Amino acid sequence: MALLEDDQNLLDLQSELTRFTQGRSPEYLRQCLAVGCYVYGAGSYGWRILALLREAGYVCYGVIDRKFDNGVTEIDGVPAIHPAQLTPAQVQGRSLVIGVHNERVNIQEIIAAMIGFGFTDILWNADLPDVLGAKADNYWLTNRQFTIAHFMKFSTAYAKLADEASRRIFHDILRYRVTGATSSRIAADTGGQYYPTNVMKFNRPVNFIDGGAYTGDTYRHLSQHFDIGHWVAFEPDPENFFKLAKFARGLKIPAVLFPCGLSDQSLHMRFITDQGAASHMVAKDSVEAMTLACVALDDVLHGFKADYIKLDIEGAEIAALHGMIEMITASQPCLAVSAYHQPDHLALVVERLAVLAPYAKLHIRQHGENAFDTVVYAV
């Protein structure tokens, strides 16, 4: 099947991303790191990148972060530097590595603030898997060649979107994943997650299935916009579930809570707990994980009419959709499915919803910084 030849914007994007990838090759990035570097970011991702840099033999001259304002001068043998303490003389001839990758921090603002110091080059998130390997992958983040190699799959999903806003967001996410350019930064709709303006509207009580209920945050948000008749919530993390159960006791509607995850069948999975909203399933041999139960929705809910199903389950969304085919067919609900936990989910979630919910129109909205909290809505 040929690329969408009638969509010149998409064809131009494919050419742009290919040229950019060729110009910012792994060889060039290795040269940037060979002169020594600083890492910006003292969160978990920043420390992971620092470890990978050391493992690869690159020298890090310091970690920069705004949190270093309490007298901390060194962490793990590396100088800890507040941005206000940094001088151009310190960084002359060195590169900067951005070690921040989450939904909260505007990375472009960090880069803009650091450019004036005169770093040899600034390595953005998309550079890191290309030069440090798959261990630098994070959520959607992976090597640039992945986007180029799967452009046909992305273009097919793009064609299934129902509105111009969705197609523009999809287009800009692909560009952002490869280039990270300020001009392609996606403006996040931080207030409309799971009930975006001009996408869905409920005028009656809704039976809501909440996959990845956390501590009830989605319920709190949605209940401000429409009435929830019944709430069925799934949350596998024990600490989160304890808080969820405490919250649900105070509600005046029927609520059924499951202390388990969702998948395509009923089974046990390895799960990293105590990570708040980021608790997630991992490989079976992960030593730091605990074993938790997962269920297929069709195995545990019978005769329940769902109006709205939300899935934000840390990468298990595709499997969970395969486990609720009967529910989707019988109820024809609206769905909101996260599509940023894995690099291919931006396309796969759209493709699966197009097959499983042919009655619905598909929209995509961006709710977090840096291409995080991307949600596909079937309405």
# chains A, B, ... in the order shown; residues from 1 in each chain; ligands from 1
$ select_by_dssp --residues "range 118-333 of chain A" --states "helix (DSSP H, G or I)" --output "PyMOL selection string"
chain A and resi 127-132+134-136+144-149+151-158+164-179+182-184+217-222+238-248+276-278+297-300+317-322+325-331
$ closest_atom_pairs --of "range 116-158 of chain A" --to "range 6-24 of chain A" --cutoff "12 Å" --atoms "only C-alpha atoms" --output "CSV"
residue,atom,partner,partner_atom,distance
A:Asp121,CA,A:Arg24,CA,11.4
A:Ile122,CA,A:Arg24,CA,11.8
A:Leu123,CA,A:Arg24,CA,10.1
A:Trp124,CA,A:Arg24,CA,11.1
A:Ala126,CA,A:Thr21,CA,10.1
A:Asp127,CA,A:Arg24,CA,8.0
A:Leu128,CA,A:Arg24,CA,11.3
A:Asp130,CA,A:Arg24,CA,9.3
A:Val131,CA,A:Arg24,CA,10.3
A:Asn143,CA,A:Thr21,CA,9.7
A:Arg144,CA,A:Thr21,CA,6.6
A:Gln145,CA,A:Thr21,CA,7.4
A:Phe146,CA,A:Thr21,CA,10.7
A:Thr147,CA,A:Leu17,CA,8.6
A:Ile148,CA,A:Thr18,CA,6.6
A:Ala149,CA,A:Thr18,CA,9.7
A:His150,CA,A:Gln14,CA,10.5
A:Phe151,CA,A:Gln14,CA,7.3
A:Met152,CA,A:Gln14,CA,9.6
A:Phe154,CA,A:Leu10,CA,10.0
A:Ser155,CA,A:Leu10,CA,7.5
A:Thr156,CA,A:Leu10,CA,10.9
A:Tyr158,CA,A:Leu10,CA,9.2
$ atom_distance --atom1 "CA of Gln193 in chain A" --atom2 "CA of Gln265 in chain A"
27.9 Å
$ select_by_dssp --residues "range 52-259 of chain A" --states "strand (DSSP E)" --output "ChimeraX atom specification"
/A:60-64,74-75,78-81,95-98,122-123,206-211,228-234,255-258
$ write_last_selection --atoms "C-alpha atoms" --output "compact mmCIF listing (two decimals), in the first residue's frame"
# COMPACT_ATOMS: atom_id res chain seq x y z
CA CYS A 60 30.48 13.83 33.01
CA TYR A 61 31.69 17.05 34.65
CA GLY A 62 28.51 17.74 36.62
CA VAL A 63 24.75 17.34 37.04
CA ILE A 64 22.70 20.53 36.72
CA GLU A 74 28.16 16.60 45.05
CA ILE A 75 26.09 13.47 44.39
CA VAL A 78 29.63 14.15 40.47
CA PRO A 79 29.44 17.91 41.13
CA ALA A 80 25.85 19.06 41.76
CA ILE A 81 25.27 22.46 40.16
CA SER A 95 28.32 19.24 25.55
CA LEU A 96 25.06 19.23 27.51
CA VAL A 97 22.86 16.15 27.80
CA ILE A 98 19.19 16.68 28.69
CA ILE A 122 22.97 20.08 23.40
CA LEU A 123 21.84 16.45 23.17
CA VAL A 206 -22.54 7.31 32.75
CA ASN A 207 -21.40 3.80 33.66
CA PHE A 208 -17.64 4.31 33.81
CA ILE A 209 -14.93 1.62 33.67
CA ASP A 210 -11.64 3.06 34.93
CA GLY A 211 -8.55 1.09 33.86
CA ILE A 228 -21.31 8.94 36.96
CA GLY A 229 -23.94 6.27 37.55
CA HIS A 230 -21.69 3.26 38.28
CA TRP A 231 -17.92 3.22 38.66
CA VAL A 232 -15.84 0.07 38.07
CA ALA A 233 -12.17 0.68 38.86
CA PHE A 234 -9.02 -1.43 38.30
CA ALA A 255 -18.53 1.49 43.00
CA VAL A 256 -16.80 -1.83 42.34
CA LEU A 257 -13.03 -1.93 42.83
CA PHE A 258 -10.64 -4.60 41.52
$ residues_around --residues "Ile49 in chain A" --least-positions-apart "2" --cutoff "12 Å" --atoms "only C-alpha atoms" --output "PyMOL selection string"
chain A and resi 37-47+51-56+58+60+63+96-101+123-125+127-129+131-138
$ write_last_selection --atoms "N, CA and C atoms" --output "short mmCIF file (atom, residue, chain, number, x, y, z; two decimals), in the first residue's frame"
data_model
loop_
_atom_site.label_atom_id
_atom_site.label_comp_id
_atom_site.auth_asym_id
_atom_site.auth_seq_id
_atom_site.Cartn_x
_atom_site.Cartn_y
_atom_site.Cartn_z
N CYS A 37 30.87 16.06 29.01
CA CYS A 37 29.52 16.63 29.03
C CYS A 37 29.06 16.95 30.45
N TYR A 38 27.98 17.70 30.51
CA TYR A 38 27.19 17.90 31.72
C TYR A 38 25.82 17.27 31.46
N VAL A 39 25.15 16.83 32.53
CA VAL A 39 23.79 16.31 32.43
C VAL A 39 22.85 17.27 33.13
N TYR A 40 21.76 17.65 32.45
CA TYR A 40 20.74 18.47 33.10
C TYR A 40 19.61 17.55 33.54
N GLY A 41 19.38 17.49 34.86
CA GLY A 41 18.28 16.70 35.39
C GLY A 41 18.75 15.70 36.42
N ALA A 42 18.24 15.84 37.64
CA ALA A 42 18.62 14.94 38.73
C ALA A 42 17.47 14.04 39.16
N GLY A 43 16.53 13.80 38.24
CA GLY A 43 15.47 12.84 38.51
C GLY A 43 15.91 11.44 38.12
N SER A 44 14.99 10.50 38.17
CA SER A 44 15.35 9.10 37.91
C SER A 44 15.88 8.91 36.49
N TYR A 45 15.30 9.61 35.52
CA TYR A 45 15.79 9.45 34.14
C TYR A 45 17.17 10.07 34.00
N GLY A 46 17.41 11.20 34.63
CA GLY A 46 18.72 11.83 34.57
C GLY A 46 19.82 10.94 35.13
N TRP A 47 19.53 10.28 36.25
CA TRP A 47 20.54 9.39 36.85
C TRP A 47 20.74 8.15 35.99
N ALA A 51 24.39 7.14 34.40
CA ALA A 51 24.98 5.80 34.52
C ALA A 51 25.34 5.24 33.15
N LEU A 52 24.49 5.47 32.15
CA LEU A 52 24.77 4.96 30.80
C LEU A 52 25.97 5.69 30.18
N LEU A 53 26.08 6.97 30.43
CA LEU A 53 27.24 7.72 29.94
C LEU A 53 28.54 7.17 30.53
N ARG A 54 28.52 6.94 31.83
CA ARG A 54 29.71 6.39 32.48
C ARG A 54 30.02 4.99 31.96
N GLU A 55 28.98 4.19 31.80
CA GLU A 55 29.15 2.83 31.29
C GLU A 55 29.78 2.83 29.90
N ALA A 56 29.45 3.83 29.10
CA ALA A 56 29.98 3.93 27.75
C ALA A 56 31.36 4.60 27.71
N TYR A 58 32.11 7.82 28.75
CA TYR A 58 32.12 9.27 28.59
C TYR A 58 32.28 9.94 29.95
N CYS A 60 31.49 12.85 32.62
CA CYS A 60 30.48 13.83 33.01
C CYS A 60 31.10 14.76 34.06
N VAL A 63 26.20 17.47 37.25
CA VAL A 63 24.75 17.34 37.04
C VAL A 63 24.12 18.67 37.43
N LEU A 96 26.10 19.38 26.49
CA LEU A 96 25.06 19.23 27.51
C LEU A 96 24.13 18.11 27.10
N VAL A 97 23.80 17.24 28.03
CA VAL A 97 22.86 16.15 27.80
C VAL A 97 21.61 16.41 28.62
N ILE A 98 20.45 16.47 27.98
CA ILE A 98 19.19 16.68 28.69
C ILE A 98 18.73 15.35 29.28
N GLY A 99 18.70 15.28 30.61
CA GLY A 99 18.30 14.07 31.32
C GLY A 99 16.94 14.22 31.98
N VAL A 100 16.03 14.93 31.31
CA VAL A 100 14.67 15.13 31.80
C VAL A 100 13.72 14.59 30.75
N HIS A 101 12.79 13.73 31.16
CA HIS A 101 11.82 13.19 30.19
C HIS A 101 10.56 12.79 30.94
N LEU A 123 22.47 17.71 23.57
CA LEU A 123 21.84 16.45 23.17
C LEU A 123 20.49 16.35 23.84
N TRP A 124 19.46 16.34 23.00
CA TRP A 124 18.08 16.25 23.45
C TRP A 124 17.71 14.78 23.62
N ASN A 125 16.53 14.52 24.21
CA ASN A 125 16.11 13.14 24.52
C ASN A 125 16.24 12.20 23.33
N ASP A 127 18.20 12.15 20.95
CA ASP A 127 19.58 11.79 20.63
C ASP A 127 20.07 10.59 21.44
N LEU A 128 19.52 10.42 22.64
CA LEU A 128 20.14 9.51 23.60
C LEU A 128 20.03 8.03 23.23
N PRO A 129 18.86 7.51 22.81
CA PRO A 129 18.85 6.11 22.36
C PRO A 129 19.76 5.87 21.16
N VAL A 131 22.66 7.18 20.61
CA VAL A 131 24.08 7.13 20.98
C VAL A 131 24.34 6.22 22.18
N LEU A 132 23.34 5.98 23.03
CA LEU A 132 23.52 5.16 24.24
C LEU A 132 22.80 3.82 24.17
N GLY A 133 21.99 3.60 23.13
CA GLY A 133 21.33 2.31 22.97
C GLY A 133 19.97 2.24 23.62
N ALA A 134 19.39 1.06 23.59
CA ALA A 134 18.00 0.85 24.01
C ALA A 134 17.79 1.11 25.50
N LYS A 135 18.84 1.07 26.32
CA LYS A 135 18.68 1.35 27.74
C LYS A 135 18.27 2.79 28.00
N ALA A 136 18.42 3.65 27.00
CA ALA A 136 17.99 5.04 27.14
C ALA A 136 16.55 5.24 26.69
N ASP A 137 15.90 4.18 26.20
CA ASP A 137 14.48 4.27 25.83
C ASP A 137 13.65 4.63 27.05
N ASN A 138 12.55 5.32 26.82
CA ASN A 138 11.69 5.72 27.94
C ASN A 138 10.30 6.05 27.40
#
